[in-house]
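Engineer: Input file: input_26.cif. Contents: mmCIF, C-alpha atoms.
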```
data_input
loop_
_atom_site.label_atom_id
_atom_site.label_comp_id
_atom_site.auth_asym_id
_atom_site.auth_seq_id
_atom_site.Cartn_x
_atom_site.Cartn_y
_atom_site.Cartn_z
CA MET A 12 0.00 0.00 0.00
CA ALA A 13 2.88 2.38 0.81
CA SER A 14 4.36 1.71 -2.63
CA PHE A 15 1.02 2.63 -4.27
CA LYS A 16 0.85 5.96 -2.36
CA THR A 17 4.46 6.81 -3.22
CA ASP A 18 3.85 6.01 -6.89
CA LEU A 19 0.66 8.11 -6.86
CA TYR A 20 2.45 11.09 -5.24
CA GLN A 21 5.28 10.86 -7.77
CA ARG A 22 2.82 10.89 -10.66
CA LEU A 23 0.92 13.83 -9.18
CA LEU A 24 4.18 15.71 -8.65
CA LEU A 25 5.26 15.03 -12.23
CA PHE A 26 1.82 16.12 -13.46
CA ALA A 27 1.95 19.33 -11.35
CA VAL A 28 5.43 20.19 -12.67
CA PHE A 29 4.76 19.30 -16.33
CA LEU A 30 1.49 21.18 -16.85
CA PRO A 31 2.76 24.70 -16.05
CA ILE A 32 5.82 24.13 -18.23
CA SER A 33 3.63 23.03 -21.13
CA GLY A 34 1.50 26.14 -20.75
CA VAL A 35 -1.75 24.29 -20.16
CA LEU A 36 -2.38 25.85 -16.74
CA CYS A 37 -1.48 29.29 -18.07
CA PHE A 38 -4.42 29.42 -20.50
CA SER A 39 -6.59 32.47 -20.03
CA GLU A 40 -9.83 33.34 -21.77
CA LEU A 41 -9.98 36.53 -23.75
CA PHE A 42 -13.27 38.39 -23.50
CA PHE A 43 -14.69 41.88 -23.81
CA ILE A 44 -15.48 43.97 -20.75
CA ARG A 45 -16.85 46.79 -22.93
CA GLU A 46 -17.80 46.70 -26.60
CA PRO A 47 -18.62 49.55 -28.98
CA ARG A 48 -22.27 50.55 -29.38
CA ASP A 49 -24.24 52.35 -32.07
CA VAL A 50 -23.85 56.11 -31.86
CA THR A 51 -25.13 59.18 -33.68
CA ALA A 52 -22.92 62.27 -33.79
CA LEU A 53 -22.93 65.69 -35.37
CA ARG A 54 -20.24 66.67 -37.84
CA ARG A 55 -17.18 68.07 -36.00
CA ASP A 56 -18.22 66.41 -32.70
CA ALA A 57 -15.73 64.36 -30.71
CA LEU A 58 -16.72 60.84 -29.77
CA VAL A 59 -15.34 57.71 -28.11
CA LEU A 60 -16.14 54.15 -29.14
CA ASP A 61 -15.51 51.87 -26.15
CA CYS A 62 -13.47 48.70 -26.26
CA GLN A 63 -11.92 46.95 -23.28
CA ALA A 64 -10.82 43.32 -23.25
CA HIS A 65 -9.70 41.06 -20.42
CA GLY A 66 -7.30 38.14 -20.65
CA GLU A 67 -3.65 37.30 -20.28
CA ALA A 68 -1.45 40.27 -21.13
CA PRO A 69 -0.28 41.61 -23.39
CA ILE A 70 -3.56 42.28 -25.17
CA ARG A 71 -3.37 44.16 -28.46
CA ILE A 72 -6.41 46.17 -29.58
CA ARG A 73 -7.02 47.14 -33.20
CA TRP A 74 -10.03 48.74 -34.86
CA LEU A 75 -11.83 48.00 -38.10
CA LYS A 76 -14.10 50.33 -40.04
CA ASP A 77 -16.36 48.59 -42.55
CA ALA A 78 -14.22 45.42 -42.11
CA VAL A 79 -10.97 47.25 -43.05
CA ALA A 80 -8.15 47.95 -40.58
CA LEU A 81 -8.33 51.52 -39.30
CA SER A 82 -5.13 53.53 -38.92
CA GLU A 83 -4.53 56.31 -36.47
CA SER A 84 -4.38 59.87 -37.80
CA GLU A 85 -4.46 63.45 -36.58
CA ARG A 86 -8.17 62.92 -35.74
CA VAL A 87 -8.37 59.22 -34.87
CA TYR A 88 -6.57 57.92 -31.78
CA LEU A 89 -6.36 54.59 -29.99
CA LEU A 90 -6.65 55.30 -26.25
CA THR A 91 -4.60 53.37 -23.69
CA ASN A 92 -7.68 51.43 -22.51
CA GLY A 93 -8.37 50.22 -26.09
CA SER A 94 -11.18 52.65 -26.90
CA LEU A 95 -11.18 54.71 -30.09
CA LEU A 96 -11.32 58.52 -30.01
CA ILE A 97 -12.41 60.47 -33.07
CA SER A 98 -11.60 64.07 -32.17
CA GLU A 99 -13.62 65.62 -34.99
CA VAL A 100 -16.20 63.55 -36.87
CA GLU A 101 -16.09 64.12 -40.63
CA SER A 102 -18.85 63.75 -43.18
CA ARG A 103 -17.59 64.57 -46.64
CA LYS A 104 -18.12 62.78 -49.91
CA ASP A 105 -14.44 61.90 -50.21
CA ARG A 106 -13.87 61.14 -46.50
CA SER A 107 -16.52 60.20 -43.97
CA ASP A 108 -16.35 58.57 -40.55
CA GLU A 109 -19.83 57.13 -40.96
CA GLY A 110 -19.87 53.34 -41.05
CA PHE A 111 -19.58 50.16 -39.00
CA TYR A 112 -16.80 49.85 -36.41
CA GLN A 113 -15.45 46.76 -34.67
CA CYS A 114 -12.77 46.21 -32.10
CA LEU A 115 -10.31 43.31 -32.50
CA ALA A 116 -8.56 42.08 -29.34
CA GLN A 117 -5.60 39.67 -29.55
CA ASN A 118 -3.24 37.94 -27.16
CA LYS A 119 -0.94 34.94 -27.53
CA TYR A 120 -3.87 32.52 -27.28
CA GLY A 121 -6.05 33.99 -30.01
CA SER A 122 -8.30 36.86 -30.99
CA ILE A 123 -11.90 38.01 -30.59
CA LEU A 124 -13.94 40.45 -32.65
CA SER A 125 -16.52 42.72 -31.05
CA GLN A 126 -20.06 43.34 -32.15
CA LYS A 127 -20.52 45.91 -34.92
CA ALA A 128 -21.27 49.47 -33.87
CA ARG A 129 -22.79 51.85 -36.39
CA LEU A 130 -21.64 55.46 -36.44
CA THR A 131 -24.31 57.66 -38.00
CA ILE A 132 -23.66 61.32 -38.69
CA ALA A 133 -26.65 63.59 -38.13
CA MET A 134 -27.10 66.71 -40.22
CA LEU A 135 -28.70 69.87 -38.89
CA PRO A 136 -30.69 71.99 -41.32
CA VAL A 137 -28.78 75.06 -42.42
CA CYS A 138 -30.60 78.37 -42.89
CA GLN A 139 -29.06 80.34 -45.71
CA SER A 140 -30.74 83.71 -45.37
CA THR A 141 -32.92 85.79 -43.08
CA ALA A 142 -35.84 85.06 -45.43
CA ASP A 143 -35.49 81.38 -44.51
CA LEU A 144 -35.57 82.30 -40.81
CA SER A 145 -38.69 84.42 -41.16
CA MET A 146 -40.43 81.60 -42.99
CA TYR A 147 -39.72 79.16 -40.10
CA SER A 148 -40.61 81.64 -37.34
CA GLY A 149 -43.86 82.90 -38.92
CA TYR A 150 -42.65 86.49 -39.44
CA GLY A 151 -42.19 88.31 -42.66
#
```
Rewrite the structure of this file - the entire thing - as structure tokens.
Structural biologist:
Amino acid sequence: MASFKTDLYQRLLLFAVFLPISGVLCFSELFFIREPRDVTALRRDALVLDCQAHGEAPIRIRWLKDAVALSESERVYLLTNGSLLISEVESRKDRSDEGFYQCLAQNKYGSILSQKARLTIAMLPVCQSTADLSMYSGYG
């Protein structure tokens, strides 16, 4: 019986030493704490799209716009917590921030892709003359 216990303890010890070396016990899930949500903004507004992931560090966060990798610019910044800051929303024919955004989180075990968040740019009506104003206000 003593031989059986000694053999069992040796196997458990070998098992306990081998697993951490192989990396099996070090596995950590990667999941989102915060994901981006649909937002509507006015042109020239600043906005933040949230993204925070949890898992074994280091975790790398990247952003996609309409399924294409988004690069940082003078208006678009990746914050230290993984969120995306657009300092001045643009809505021009040749360059618009409107679209679908996703956050991609990666660590050494794999990657996860957030839900899609739609950025919609709202337009305010522009009055071009005082005649337009008087028509809306009932004067004139």
Engineer: Quick one: which residues end up in the PyMOL selection byres ((chain A and resi 99) around 8) for this structure, as a ChimeraX atom specification?
Structural biologist: /A:54-58,86,97-98,100-101
Engineer: Name the residues that the PyMOL selection byres ((chain A and resi 125-138) around 10) pulls out of this structure, and write them as an MDAnalysis selection string.
Structural biologist: chainID A and resid 42:43 45:56 58 60:64 74:78 100:102 107:116 123:124 139:144 147
Engineer: So the first atom is CA of Glu67 in chain A and the second is CA of Asn118 in chain A; what is the distance between them in Å, to one decimal place?
Structural biologist: 6.9 Å
Engineer: Between CA of Asn92 in chain A and CA of Ile72 in chain A, what is the distance, to one decimal in Å?
Structural biologist: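 Separating CA of Asn92 in chain A from CA of Ile72 in chain A is a distance of 8.9 Å.
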Engineer: Can you measure CA of Leu90 in chain A to CA of Asp105 in chain A for me? One decimal in Å is fine.
Structural biologist: 26.0 Å
Engineer: With all atoms of range 42-55 of chain A from the file as input, state the centre and edge lengths in Å to one decimal of the axis-aligned box that has 5 Å extra on each side, as AutoDock Vina command-line options.
Structural biologist:
```
--center_x -19.2 --center_y 53.2 --center_z -29.3 --size_x 21.9 --size_y 39.7 --size_z 27.1
```
